[in-house]
$ cat final.cif   # mmCIF, C-alpha atoms
data_upload
loop_
_atom_site.label_atom_id
_atom_site.label_comp_id
_atom_site.auth_asym_id
_atom_site.auth_seq_id
_atom_site.Cartn_x
_atom_site.Cartn_y
_atom_site.Cartn_z
CA MET A 69 72.65 -25.01 115.49
CA MET A 70 72.93 -23.02 112.25
CA GLN A 71 69.99 -20.72 111.44
CA TRP A 72 68.52 -20.48 107.94
CA GLU A 73 67.92 -16.72 108.08
CA GLN A 74 71.64 -16.24 108.85
CA LEU A 75 72.76 -18.82 106.26
CA LEU A 76 70.79 -16.97 103.55
CA SER A 77 72.73 -13.71 104.09
CA LEU A 78 72.64 -11.21 101.22
CA LYS A 79 75.69 -9.37 102.61
CA ARG A 80 78.54 -8.63 100.18
CA GLN A 81 82.17 -7.84 100.93
CA GLY A 82 82.52 -4.18 101.98
CA ASP A 83 78.83 -3.64 102.87
CA THR A 84 78.28 -1.09 105.62
CA SER A 85 74.52 -1.61 106.01
CA LYS A 86 72.31 -4.69 106.18
CA ARG A 87 70.63 -6.09 103.05
CA LEU A 88 67.21 -7.43 103.96
CA ARG A 89 65.44 -9.98 101.75
CA LYS A 90 62.05 -8.32 102.10
CA GLU A 91 63.50 -5.05 100.76
CA GLN A 92 65.03 -6.68 97.67
CA ASP A 93 63.88 -5.81 94.16
CA ASP A 94 62.67 -9.17 92.82
CA THR A 95 63.57 -8.16 89.26
CA ARG A 96 67.27 -7.92 90.32
CA LEU A 97 67.44 -10.30 93.26
CA GLY A 98 70.88 -10.34 94.91
CA PHE A 99 71.33 -14.11 94.57
CA GLU A 100 70.53 -13.90 90.84
CA VAL A 101 73.01 -11.04 90.47
CA ASP A 102 75.61 -13.50 91.81
CA TYR A 103 74.87 -15.84 88.89
CA ASP A 104 75.19 -12.98 86.39
CA ARG A 105 78.52 -11.87 87.84
CA VAL A 106 79.97 -15.36 87.53
CA ILE A 107 78.67 -15.74 83.93
CA PHE A 108 80.29 -12.46 82.82
CA SER A 109 83.66 -13.09 84.52
CA SER A 110 86.74 -13.84 82.41
CA ALA A 111 87.58 -16.80 84.68
CA PHE A 112 84.25 -18.41 83.81
CA ARG A 113 84.68 -17.75 80.08
CA SER A 114 88.04 -19.52 80.09
CA LEU A 115 86.27 -22.77 81.06
CA GLN A 116 85.17 -23.17 77.43
CA ASP A 117 88.72 -24.32 76.63
CA LYS A 118 89.42 -26.35 79.76
CA THR A 119 89.29 -30.10 79.98
CA GLN A 120 86.37 -31.91 81.59
CA VAL A 121 87.33 -35.51 80.82
CA ILE A 122 88.84 -35.83 77.36
CA PRO A 123 91.66 -33.26 77.38
CA LEU A 124 92.11 -31.02 74.35
CA SER A 125 89.46 -33.04 72.52
CA LYS A 126 88.09 -31.41 69.41
CA THR A 127 85.14 -33.82 69.28
CA ASP A 128 82.05 -31.66 69.27
CA PHE A 129 79.89 -33.58 71.74
CA VAL A 130 82.45 -33.93 74.51
CA HIS A 131 81.94 -31.69 77.53
CA THR A 132 84.28 -28.89 78.49
CA ARG A 133 84.42 -27.41 81.98
CA LEU A 134 82.08 -24.70 80.68
CA THR A 135 79.25 -26.99 79.53
CA HIS A 136 79.76 -29.13 82.66
CA SER A 137 79.44 -26.05 84.91
CA LEU A 138 76.28 -24.88 83.15
CA GLU A 139 74.73 -28.34 83.54
CA VAL A 140 75.71 -28.51 87.22
CA SER A 141 74.08 -25.11 87.78
CA VAL A 142 70.81 -26.32 86.17
CA VAL A 143 70.76 -29.44 88.36
CA GLY A 144 71.73 -27.28 91.37
CA ARG A 145 68.85 -24.90 90.74
CA SER A 146 66.38 -27.81 90.74
CA LEU A 147 67.87 -29.23 93.94
CA GLY A 148 67.77 -25.82 95.63
CA ARG A 149 64.17 -25.09 94.66
CA LEU A 150 62.88 -28.50 95.69
CA VAL A 151 64.63 -28.24 99.05
CA GLY A 152 63.65 -24.56 99.47
CA LYS A 153 59.96 -25.34 98.95
CA LYS A 154 59.99 -27.87 101.80
CA ILE A 155 62.19 -25.74 104.10
CA ILE A 156 59.84 -22.76 103.80
CA GLU A 157 56.81 -25.01 104.42
CA LYS A 158 58.57 -26.33 107.53
CA HIS A 159 59.82 -22.91 108.73
CA PRO A 160 57.13 -20.44 107.49
CA TYR A 161 58.77 -17.52 109.37
CA LEU A 162 61.48 -17.53 106.67
CA HIS A 163 58.86 -16.31 104.20
CA ASP A 164 56.39 -14.51 106.48
CA VAL A 165 58.97 -12.56 108.54
CA HIS A 166 62.08 -12.41 106.35
CA GLY A 167 60.58 -12.59 102.85
CA TYR A 168 62.52 -15.58 101.49
CA HIS A 169 61.10 -17.69 98.64
CA MET A 170 61.88 -21.23 97.48
CA ASN A 171 63.52 -19.76 94.35
CA ASP A 172 66.11 -18.01 96.56
CA PHE A 173 67.47 -21.43 97.52
CA GLY A 174 67.58 -22.38 93.84
CA ALA A 175 69.36 -19.13 92.88
CA ILE A 176 72.03 -19.54 95.58
CA VAL A 177 72.78 -23.17 94.69
CA ALA A 178 72.75 -22.39 90.95
CA ALA A 179 75.25 -19.50 91.33
CA ALA A 180 77.58 -21.50 93.59
CA ALA A 181 77.32 -24.53 91.26
CA LEU A 182 78.06 -22.35 88.21
CA ALA A 183 81.30 -21.25 89.90
CA HIS A 184 82.27 -24.63 91.37
CA ASP A 185 85.06 -25.34 88.82
CA ILE A 186 86.17 -21.77 88.22
CA GLY A 187 89.51 -22.29 89.98
CA ASN A 188 90.50 -25.47 88.15
CA PRO A 189 93.79 -25.34 86.21
CA PRO A 190 94.15 -26.49 82.59
CA PHE A 191 94.34 -30.24 81.80
CA GLY A 192 91.75 -31.48 84.28
CA HIS A 193 92.61 -32.86 87.72
CA SER A 194 96.10 -33.76 86.55
CA GLY A 195 96.65 -29.98 86.26
CA GLU A 196 96.18 -29.58 90.02
CA LYS A 197 98.57 -32.46 90.69
CA ALA A 198 101.13 -31.09 88.23
CA ILE A 199 101.24 -27.71 90.03
CA GLY A 200 101.70 -29.43 93.41
CA GLU A 201 104.38 -31.77 92.12
CA TYR A 202 106.51 -28.96 90.67
CA PHE A 203 107.01 -27.79 94.26
CA LYS A 204 107.01 -31.22 95.91
CA THR A 205 109.46 -33.02 93.60
CA GLY A 206 110.56 -30.50 90.93
CA ASN A 207 112.70 -27.35 90.96
CA GLY A 208 110.13 -25.71 93.22
CA GLN A 209 111.51 -27.70 96.19
CA GLN A 210 114.04 -24.87 96.71
CA TYR A 211 111.29 -22.62 98.13
CA LYS A 212 110.28 -24.90 101.01
CA VAL A 213 112.65 -23.37 103.57
CA LEU A 214 111.15 -19.92 102.90
CA LEU A 215 107.52 -20.86 103.69
CA THR A 216 105.48 -21.84 106.75
CA ASP A 217 104.09 -25.39 106.86
CA LYS A 218 100.59 -24.21 105.86
CA GLU A 219 101.90 -22.01 103.04
CA TRP A 220 103.96 -24.93 101.73
CA GLN A 221 100.94 -27.24 101.92
CA ASP A 222 98.88 -24.70 99.93
CA ILE A 223 101.19 -24.96 96.93
CA THR A 224 102.32 -28.60 97.15
CA ASP A 225 98.69 -29.72 97.44
CA PHE A 226 97.33 -27.04 95.06
CA GLU A 227 93.54 -27.14 95.26
CA GLY A 228 91.08 -25.89 92.63
CA ASN A 229 88.43 -25.19 95.28
CA ALA A 230 90.72 -22.83 97.23
CA ASN A 231 91.85 -21.25 93.97
CA GLY A 232 88.20 -20.71 93.01
CA PHE A 233 87.52 -18.97 96.33
CA ASN A 234 90.48 -16.67 95.64
CA LEU A 235 89.29 -15.88 92.09
CA LEU A 236 85.79 -15.03 93.36
CA THR A 237 86.85 -12.92 96.34
CA ALA A 238 90.40 -11.52 96.03
CA SER A 239 90.74 -7.76 95.60
CA ARG A 240 92.72 -6.10 92.82
CA PRO A 241 93.09 -2.36 92.30
CA GLY A 242 89.63 -1.14 91.26
CA THR A 243 87.90 -4.49 91.98
CA GLU A 244 87.70 -4.61 95.75
CA GLY A 245 86.30 -7.95 96.94
CA GLY A 246 86.60 -9.67 93.56
CA LEU A 247 83.16 -10.42 92.12
CA ARG A 248 81.51 -9.34 95.41
CA LEU A 249 79.13 -12.28 95.60
CA SER A 250 76.65 -12.62 98.46
CA TYR A 251 77.93 -14.44 101.54
CA ALA A 252 75.17 -17.04 101.11
CA THR A 253 76.46 -17.97 97.65
CA LEU A 254 80.09 -18.01 98.85
CA GLY A 255 79.02 -20.25 101.76
CA ALA A 256 77.32 -22.69 99.38
CA PHE A 257 80.45 -22.60 97.17
CA MET A 258 82.72 -23.64 100.09
CA LYS A 259 82.59 -27.44 99.87
CA TYR A 260 85.66 -27.80 102.12
CA PRO A 261 85.57 -24.98 104.70
CA LYS A 262 89.07 -25.56 106.11
CA GLU A 263 92.71 -24.63 105.49
CA SER A 264 95.26 -26.97 103.91
CA LEU A 265 96.58 -28.36 107.23
CA PRO A 266 95.83 -30.62 108.98
CA LYS A 267 95.27 -32.75 105.88
CA LYS A 268 92.17 -35.01 106.07
CA PRO A 269 92.03 -34.90 109.89
CA THR A 270 88.74 -36.86 109.91
CA SER A 271 86.57 -38.83 107.49
CA ASN A 272 84.03 -35.94 107.49
CA ILE A 273 83.30 -35.03 103.84
CA ALA A 274 84.01 -31.36 104.73
CA ASP A 275 87.60 -32.34 105.66
CA LYS A 276 88.34 -34.23 102.42
CA LYS A 277 90.18 -31.29 100.78
CA TYR A 278 90.68 -27.64 101.67
CA GLY A 279 88.83 -24.49 100.63
CA PHE A 280 91.06 -21.43 101.04
CA PHE A 281 94.70 -20.36 100.84
CA GLN A 282 96.49 -18.71 103.75
CA CYS A 283 96.31 -15.35 101.96
CA ASP A 284 92.48 -15.54 102.02
CA LYS A 285 92.14 -16.66 105.63
CA GLU A 286 90.80 -13.42 107.14
CA PHE A 287 87.97 -13.00 104.64
CA PHE A 288 87.09 -16.68 104.82
CA ILE A 289 86.65 -16.41 108.61
CA ASP A 290 84.57 -13.24 108.13
CA ILE A 291 82.14 -15.14 105.86
CA ALA A 292 81.95 -18.17 108.16
CA VAL A 293 81.19 -16.00 111.21
CA GLU A 294 78.57 -13.92 109.37
CA LEU A 295 76.79 -17.10 108.20
CA GLY A 296 76.99 -18.73 111.63
CA LEU A 297 78.91 -21.79 110.44
CA ILE A 298 79.96 -24.18 113.22
CA LYS A 299 83.67 -24.33 114.12
CA ASN A 300 85.18 -27.83 114.11
CA LYS A 301 88.90 -27.12 114.65
CA THR A 302 90.79 -26.00 117.73
CA GLY A 303 93.98 -24.07 118.52
CA ASN A 304 95.54 -22.34 115.52
CA ASP A 305 93.74 -24.53 112.97
CA ILE A 306 90.78 -23.10 111.09
CA GLY A 307 87.87 -25.21 109.91
CA PHE A 308 84.08 -25.21 109.95
CA GLU A 309 81.16 -27.49 109.25
CA ARG A 310 79.60 -26.93 105.84
CA HIS A 311 76.94 -24.44 104.86
CA PRO A 312 73.91 -26.73 104.30
CA LEU A 313 73.51 -25.64 100.67
CA ALA A 314 77.09 -26.75 99.93
CA TYR A 315 75.75 -30.33 100.16
CA LEU A 316 73.41 -29.54 97.26
CA VAL A 317 76.18 -27.96 95.15
CA GLU A 318 78.27 -31.09 95.71
CA ALA A 319 75.32 -33.36 94.86
CA ALA A 320 74.70 -31.45 91.60
CA ASP A 321 78.36 -31.93 90.63
CA ASP A 322 78.35 -35.62 91.63
CA ILE A 323 75.18 -36.30 89.63
CA CYS A 324 76.44 -34.51 86.52
CA TYR A 325 79.93 -35.91 86.33
CA THR A 326 78.76 -39.44 87.10
CA ILE A 327 76.07 -39.50 84.42
CA ILE A 328 77.44 -37.07 81.83
CA ASP A 329 81.07 -38.28 81.79
CA PHE A 330 79.51 -41.72 81.27
CA GLU A 331 77.42 -40.36 78.40
CA ASP A 332 80.54 -38.84 76.79
CA GLY A 333 82.32 -42.18 77.12
CA ILE A 334 79.45 -43.97 75.36
CA ASN A 335 79.27 -41.40 72.54
CA LEU A 336 83.04 -41.64 72.04
CA GLY A 337 82.80 -45.44 71.79
CA LEU A 338 84.88 -45.99 74.96
CA ILE A 339 81.93 -47.82 76.55
CA GLN A 340 79.68 -50.14 74.53
CA GLU A 341 76.05 -49.01 74.34
CA GLU A 342 74.61 -52.41 75.32
CA TYR A 343 76.86 -52.53 78.35
CA ALA A 344 76.01 -48.95 79.33
CA LEU A 345 72.27 -49.57 79.09
CA GLU A 346 72.42 -52.17 81.85
CA TYR A 347 73.89 -49.57 84.20
CA LEU A 348 71.53 -46.72 83.29
CA ILE A 349 68.38 -48.87 83.34
CA LYS A 350 68.99 -49.61 87.05
CA LEU A 351 68.57 -45.88 87.75
CA VAL A 352 65.49 -45.32 85.62
CA LYS A 353 63.54 -48.57 85.41
CA ASP A 354 60.50 -47.02 87.15
CA LYS A 355 60.36 -44.09 84.73
CA VAL A 356 61.18 -45.46 81.27
CA GLN A 357 58.36 -45.29 78.72
CA VAL A 358 59.17 -48.37 76.65
CA ASP A 359 57.32 -47.17 73.52
CA LYS A 360 59.14 -43.83 73.57
CA TYR A 361 62.47 -45.52 74.09
CA LYS A 362 61.89 -47.94 71.21
CA SER A 363 60.97 -45.07 68.88
CA LEU A 364 64.43 -43.48 69.26
CA THR A 365 66.55 -44.57 66.31
CA THR A 366 70.05 -43.25 67.16
CA LYS A 367 72.38 -44.27 69.96
CA GLU A 368 72.82 -40.61 70.93
CA ASP A 369 69.07 -40.07 71.34
CA ARG A 370 68.59 -43.29 73.33
CA ILE A 371 71.43 -42.44 75.72
CA SER A 372 70.23 -38.82 75.97
CA TYR A 373 66.73 -39.99 76.98
CA LEU A 374 68.08 -42.32 79.66
CA ARG A 375 70.52 -39.65 80.88
CA ALA A 376 67.67 -37.16 81.43
CA LEU A 377 65.66 -39.74 83.38
CA ALA A 378 68.72 -40.78 85.42
CA ILE A 379 69.45 -37.18 86.44
CA SER A 380 65.80 -36.73 87.44
CA SER A 381 65.94 -39.87 89.65
CA LEU A 382 69.16 -38.75 91.32
CA ILE A 383 67.82 -35.23 91.97
CA SER A 384 64.74 -36.64 93.75
CA ASP A 385 66.91 -38.97 95.78
CA ALA A 386 69.38 -36.25 96.88
CA VAL A 387 66.49 -33.96 97.91
CA ASN A 388 64.98 -36.74 100.04
CA VAL A 389 68.31 -37.47 101.75
CA PHE A 390 68.80 -33.73 102.50
CA LEU A 391 65.31 -33.23 103.93
CA GLU A 392 65.48 -36.39 106.04
CA ASN A 393 68.73 -35.11 107.57
CA GLU A 394 68.06 -31.37 107.70
CA GLU A 395 68.38 -31.12 111.48
CA LEU A 396 71.66 -33.06 111.55
CA ILE A 397 72.98 -30.88 108.73
CA LEU A 398 72.04 -27.65 110.59
CA ALA A 399 73.70 -29.04 113.72
CA GLY A 400 76.92 -29.70 111.79
CA LYS A 401 76.57 -33.43 112.36
CA TYR A 402 76.23 -34.81 108.85
CA PRO A 403 79.69 -35.95 107.65
CA TYR A 404 78.58 -37.50 104.33
CA ALA A 405 77.96 -36.52 100.73
CA LEU A 406 74.24 -36.77 99.94
CA THR A 407 74.86 -39.10 96.99
CA SER A 408 76.79 -41.51 99.24
CA GLN A 409 73.68 -42.09 101.39
CA GLY A 410 70.92 -42.43 98.77
CA LYS A 411 69.06 -45.39 97.37
CA TYR A 412 71.11 -45.21 94.13
CA THR A 413 74.57 -45.02 95.76
CA ALA A 414 75.59 -48.52 94.64
CA GLN A 415 74.47 -47.85 91.06
CA MET A 416 76.42 -44.57 90.94
CA GLU A 417 79.52 -46.32 92.26
CA ASP A 418 79.20 -48.98 89.55
CA ILE A 419 79.00 -46.29 86.85
CA ILE A 420 82.01 -44.42 88.25
CA LYS A 421 84.03 -47.66 88.37
CA LEU A 422 83.26 -48.33 84.72
CA SER A 423 84.10 -44.72 83.79
CA VAL A 424 87.44 -44.92 85.63
CA ASN A 425 88.48 -48.05 83.76
CA ASN A 426 87.16 -47.15 80.31
CA ILE A 427 87.32 -43.33 80.15
CA TYR A 428 89.63 -41.78 82.73
CA ARG A 429 92.34 -44.38 82.02
CA SER A 430 91.86 -44.45 78.25
CA ARG A 431 94.99 -43.91 76.18
CA GLU A 432 93.85 -40.51 74.86
CA VAL A 433 93.30 -39.17 78.38
CA VAL A 434 96.62 -40.56 79.69
CA GLU A 435 98.58 -39.14 76.73
CA LYS A 436 97.14 -35.67 77.18
CA GLU A 437 97.73 -35.75 80.94
CA VAL A 438 101.41 -36.58 80.33
CA ILE A 439 101.63 -33.59 77.97
CA GLY A 440 99.87 -31.43 80.59
CA TYR A 441 102.42 -32.33 83.27
CA ARG A 442 105.33 -31.29 81.04
CA ILE A 443 103.65 -28.02 80.02
CA ILE A 444 102.68 -26.97 83.55
CA ASN A 445 106.11 -27.87 84.95
CA THR A 446 107.85 -25.77 82.28
CA LEU A 447 105.52 -22.77 82.72
CA LEU A 448 105.85 -22.76 86.51
CA ASP A 449 109.63 -23.09 86.38
CA THR A 450 110.05 -20.32 83.83
CA PHE A 451 107.67 -17.81 85.44
CA CYS A 452 108.49 -18.52 89.13
CA THR A 453 112.22 -18.11 88.39
CA ALA A 454 111.78 -14.86 86.46
CA TYR A 455 109.27 -13.38 88.92
CA ASN A 456 111.39 -14.16 91.99
CA ASN A 457 114.63 -13.02 90.32
CA LYS A 458 113.06 -9.65 89.52
CA ALA A 459 111.64 -9.25 93.04
CA GLU A 460 115.11 -9.91 94.46
CA GLY A 461 116.88 -7.56 92.00
CA ARG A 462 118.85 -10.22 90.11
CA GLU A 463 116.79 -10.58 86.96
CA SER A 464 118.39 -11.42 83.61
CA ASN A 465 117.32 -9.93 80.30
CA TYR A 466 115.56 -13.25 79.58
CA ASP A 467 113.62 -12.97 82.87
CA LEU A 468 112.40 -9.49 81.86
CA LEU A 469 111.32 -10.79 78.46
CA VAL A 470 109.47 -13.71 80.09
CA LEU A 471 107.63 -11.36 82.45
CA LYS A 472 106.38 -9.37 79.46
CA LEU A 473 104.38 -12.50 78.55
CA LEU A 474 102.30 -12.09 81.75
CA PRO A 475 98.88 -10.46 81.23
CA GLU A 476 98.58 -6.94 82.63
CA ARG A 477 96.67 -8.00 85.73
CA PHE A 478 99.43 -10.45 86.68
CA ALA A 479 102.20 -7.86 86.36
CA ALA A 480 101.70 -6.71 89.98
CA GLU A 481 104.61 -6.93 92.44
CA LYS A 482 104.25 -9.18 95.49
CA MET A 483 106.26 -8.82 98.68
CA SER A 484 106.59 -12.31 100.20
CA VAL A 485 107.91 -15.44 98.50
CA TYR A 486 104.61 -17.21 99.30
CA ASP A 487 102.55 -14.46 97.63
CA ARG A 488 104.83 -14.52 94.59
CA LEU A 489 104.65 -18.30 94.14
CA LEU A 490 100.89 -18.36 94.65
CA HIS A 491 100.57 -15.45 92.19
CA ILE A 492 102.27 -17.50 89.46
CA CYS A 493 100.19 -20.58 90.37
CA HIS A 494 97.06 -18.40 89.98
CA PHE A 495 98.31 -17.21 86.59
CA VAL A 496 98.99 -20.76 85.32
CA SER A 497 95.65 -21.96 86.71
CA THR A 498 93.71 -19.32 84.75
CA LEU A 499 95.20 -20.42 81.41
CA THR A 500 93.02 -22.40 79.07
CA ASP A 501 94.38 -25.70 77.71
CA GLY A 502 95.05 -24.04 74.34
CA LYS A 503 96.73 -20.94 75.81
CA ALA A 504 98.97 -23.12 78.00
CA VAL A 505 100.10 -25.05 74.90
CA LEU A 506 100.82 -21.81 73.01
CA LEU A 507 102.86 -20.36 75.90
CA TYR A 508 104.78 -23.61 76.25
CA ASN A 509 105.57 -23.59 72.53
CA THR A 510 106.78 -19.98 72.78
CA ILE A 511 109.05 -20.72 75.74
CA THR A 512 110.50 -23.95 74.35
CA GLY A 513 110.76 -22.64 70.78
CA ALA A 514 108.57 -25.49 69.51
CA LYS A 515 106.25 -25.05 66.57
#
$ encode --input "final.cif" --output "structure tokens"
Amino acid sequence: MMQWEQLLSLKRQGDTSKRLRKEQDDTRLGFEVDYDRVIFSSAFRSLQDKTQVIPLSKTDFVHTRLTHSLEVSVVGRSLGRLVGKKIIEKHPYLHDVHGYHMNDFGAIVAAAALAHDIGNPPFGHSGEKAIGEYFKTGNGQQYKVLLTDKEWQDITDFEGNANGFNLLTASRPGTEGGLRLSYATLGAFMKYPKESLPKKPTSNIADKKYGFFQCDKEFFIDIAVELGLIKNKTGNDIGFERHPLAYLVEAADDICYTIIDFEDGINLGLIQEEYALEYLIKLVKDKVQVDKYKSLTTKEDRISYLRALAISSLISDAVNVFLENEELILAGKYPYALTSQGKYTAQMEDIIKLSVNNIYRSREVVEKEVIGYRIINTLLDTFCTAYNNKAEGRESNYDLLVLKLLPERFAAEKMSVYDRLLHICHFVSTLTDGKAVLLYNTITGAK
């Protein structure tokens, strides 16, 4: 059974003494410092020019990864506080003995939710697939014989969640431990606390994807042990049941992308307003004030009003599902996403189905994803070739010129082939959509 006081650990990478909640300065609470560190990181800033749904869109009301992440953190904070209030009422020793407050839960979930997309490459989810496919079916196939099975799986199934964990925690000269977030926040961030193999060994939601690269294995285990997460793999395979607050981070993301991608689709005219209303009304029929709704004169305001009510309904529902299953979650025996077990699950699935057909498969999205594949393939091929040639002492003048395009922090030398390939994948993943296009144009000589 996992223990809340252990799961709410304020420890940071490199700490030599214990951080106790009751000794914290409430004006600079450790969990809130986590939020600040994510906000001020360059990786977070780059999300302002990364695709959420409509890639490279210059339409002002379409969400980027940045606005999406901020909205997920707001929903996450509400989920965390509502759950925290009930948990502390149920387990008063958390407050009376250890000094925890309901807002601590909100701060942890908000910080983890803020960072949830920080590792995503340019061009949306097709960016992840494009990186993997360069190695699986492109020129990157040549490296397979040089890697272990798990290392190969890391790069052929490149995963934004694992990349995010690396960005938040990996040391560079002068920045030991990355952003040095609290272990509680890192635990809540880890939606898939396993390595890349075995792939989807069970239908448990925690096994759906993977959460860390082989190079980050030791620190990942350190966090899991400190938090008291429950092991669920045997032999040489590493995997754990989720930190309970990871369910809330996931729910915040599910709620936001379901409702807000839908809202974007309506505002862009990809989904007819009348059609959309039918779907949203099912989520909010108990809450709609008819007079208020009728007084709204623009489509944007009407949809915005329903969106706010829908998010409120889904937050209440996710909190209820979590609290009803708290003991199963603490025992590591809850293999579902919260939103898949709520009273609005069918309605959410209907909305997602409509979004898939009308938004995610719209011509504009497909065209930009095709462009994204070509760009990422070219960047990986150019930089992997140059970086490996230099490491092996057979670089051409062109390779040296290409490597001068790498930012200073990516100019480091790496010893193993795996570390070198992952290093270039990290570099490409940190590019914004616009920067990736510019680099591609430079390399191909296009205008």
$ closest_residue --input "final.cif" --among "A:Gln357, A:Ser114, A:Ser264, A:Gln120" --to "Cys324 in chain A" --atoms "all atoms listed in the file"
A:Gln120
$ closest_atom_pairs --input "final.cif" --of "range 306-378 of chain A" --to "range 151-171 of chain A" --cutoff "12 Å" --atoms "only C-alpha atoms" --output "CSV"
residue,atom,partner,partner_atom,distance
A:Pro312,CA,A:Val151,CA,10.8
A:Leu313,CA,A:Val151,CA,9.4
A:Tyr315,CA,A:Val151,CA,11.4
A:Leu316,CA,A:Val151,CA,9.1
$ closest_residue --input "final.cif" --among "A:Gly242, A:Ala399, A:Asp385, A:Thr253" --to "Tyr412 in chain A" --atoms "only C-alpha atoms"
A:Asp385
$ residues_around --input "final.cif" --residues "Leu448 in chain A" --least-positions-apart "2" --cutoff "10 Å" --atoms "only C-alpha atoms" --output "ChimeraX atom specification"
/A:198-199,202-203,207-208,443-446,450-454,489,492-493,495-496
$ closest_residue --input "final.cif" --among "A:Glu73, A:Glu309, A:Asp354, A:Glu100" --to "Gly400 in chain A" --atoms "all atoms listed in the file"
A:Glu309
$ atom_distance --input "final.cif" --atom1 "CA of Gly440 in chain A" --atom2 "CA of Phe191 in chain A"
5.8 Å
$ resolve_selection --input "final.cif" --expression "the PyMOL selection byres ((chain A and resi 131) around 9)" --output "mmCIF file with C-alpha atoms, in the frame of the given file"
data_model
loop_
_atom_site.group_PDB
_atom_site.id
_atom_site.type_symbol
_atom_site.label_atom_id
_atom_site.label_comp_id
_atom_site.auth_asym_id
_atom_site.auth_seq_id
_atom_site.Cartn_x
_atom_site.Cartn_y
_atom_site.Cartn_z
ATOM 1 C CA THR A 119 89.290 -30.100 79.980
ATOM 2 C CA GLN A 120 86.370 -31.910 81.590
ATOM 3 C CA VAL A 121 87.330 -35.510 80.820
ATOM 4 C CA ILE A 122 88.840 -35.830 77.360
ATOM 5 C CA ASP A 128 82.050 -31.660 69.270
ATOM 6 C CA PHE A 129 79.890 -33.580 71.740
ATOM 7 C CA VAL A 130 82.450 -33.930 74.510
ATOM 8 C CA THR A 132 84.280 -28.890 78.490
ATOM 9 C CA ARG A 133 84.420 -27.410 81.980
ATOM 10 C CA LEU A 134 82.080 -24.700 80.680
ATOM 11 C CA THR A 135 79.250 -26.990 79.530
ATOM 12 C CA HIS A 136 79.760 -29.130 82.660
ATOM 13 C CA ILE A 328 77.440 -37.070 81.830
ATOM 14 C CA ASP A 329 81.070 -38.280 81.790
ATOM 15 C CA ASP A 332 80.540 -38.840 76.790
#
$ resolve_selection --input "final.cif" --expression "the PyMOL selection byres ((chain A and resi 481-488) around 8)" --output "VMD selection string"
chain A and resid 211 214 to 215 219 283 452 455 to 456 459 479 to 480 489 to 492
$ residues_around --input "final.cif" --residues "His184 in chain A" --least-positions-apart "6" --cutoff "8 Å" --atoms "only C-alpha atoms" --output "MDAnalysis selection string"
chainID A and resid 137 229 232 257 317
$ resolve_selection --input "final.cif" --expression "the PyMOL selection byres ((chain A and resi 348) around 10)" --output "list in words"
Ile327, Phe330, Glu331, Tyr343, Ala344, Leu345, Glu346, Tyr347, Ile349, Lys350, Leu351, Val352, Lys353, Ile371, Leu374, Arg375, Leu377, Ala378, Gln415, Met416 and Ile419 of chain A
$ residues_around --input "final.cif" --residues "range 358-367 of chain A" --least-positions-apart "4" --cutoff "9 Å" --atoms "only C-alpha atoms" --output "PDB file with C-alpha atoms, keeping the file's coordinate frame"
ATOM      1  CA  ILE A 334      79.450 -43.970  75.360  1.00  0.00           C
ATOM      2  CA  ASN A 335      79.270 -41.400  72.540  1.00  0.00           C
ATOM      3  CA  GLU A 341      76.050 -49.010  74.340  1.00  0.00           C
ATOM      4  CA  ILE A 371      71.430 -42.440  75.720  1.00  0.00           C
ATOM      5  CA  SER A 372      70.230 -38.820  75.970  1.00  0.00           C
ATOM      6  CA  TYR A 373      66.730 -39.990  76.980  1.00  0.00           C
ATOM      7  CA  LEU A 374      68.080 -42.320  79.660  1.00  0.00           C
TER       8      LEU A 374
END
$ closest_residue --input "final.cif" --among "A:Asp222, A:Glu201, A:Asp275, A:Asp321" --to "Leu406 in chain A" --atoms "only C-alpha atoms"
A:Asp321
$ residues_around --input "final.cif" --residues "Tyr278 in chain A" --least-positions-apart "2" --cutoff "10 Å" --atoms "all atoms listed in the file" --output "mmCIF file with C-alpha atoms, keeping the file's coordinate frame"
data_model
loop_
_atom_site.group_PDB
_atom_site.id
_atom_site.type_symbol
_atom_site.label_atom_id
_atom_site.label_comp_id
_atom_site.auth_asym_id
_atom_site.auth_seq_id
_atom_site.Cartn_x
_atom_site.Cartn_y
_atom_site.Cartn_z
ATOM 1 C CA ASP A 222 98.880 -24.700 99.930
ATOM 2 C CA ASP A 225 98.690 -29.720 97.440
ATOM 3 C CA PHE A 226 97.330 -27.040 95.060
ATOM 4 C CA GLU A 227 93.540 -27.140 95.260
ATOM 5 C CA GLY A 228 91.080 -25.890 92.630
ATOM 6 C CA ASN A 229 88.430 -25.190 95.280
ATOM 7 C CA ALA A 230 90.720 -22.830 97.230
ATOM 8 C CA MET A 258 82.720 -23.640 100.090
ATOM 9 C CA LYS A 259 82.590 -27.440 99.870
ATOM 10 C CA TYR A 260 85.660 -27.800 102.120
ATOM 11 C CA PRO A 261 85.570 -24.980 104.700
ATOM 12 C CA LYS A 262 89.070 -25.560 106.110
ATOM 13 C CA GLU A 263 92.710 -24.630 105.490
ATOM 14 C CA SER A 264 95.260 -26.970 103.910
ATOM 15 C CA LEU A 265 96.580 -28.360 107.230
ATOM 16 C CA PRO A 266 95.830 -30.620 108.980
ATOM 17 C CA LYS A 267 95.270 -32.750 105.880
ATOM 18 C CA LYS A 268 92.170 -35.010 106.070
ATOM 19 C CA ALA A 274 84.010 -31.360 104.730
ATOM 20 C CA ASP A 275 87.600 -32.340 105.660
ATOM 21 C CA LYS A 276 88.340 -34.230 102.420
ATOM 22 C CA PHE A 280 91.060 -21.430 101.040
ATOM 23 C CA PHE A 281 94.700 -20.360 100.840
ATOM 24 C CA GLY A 307 87.870 -25.210 109.910
#
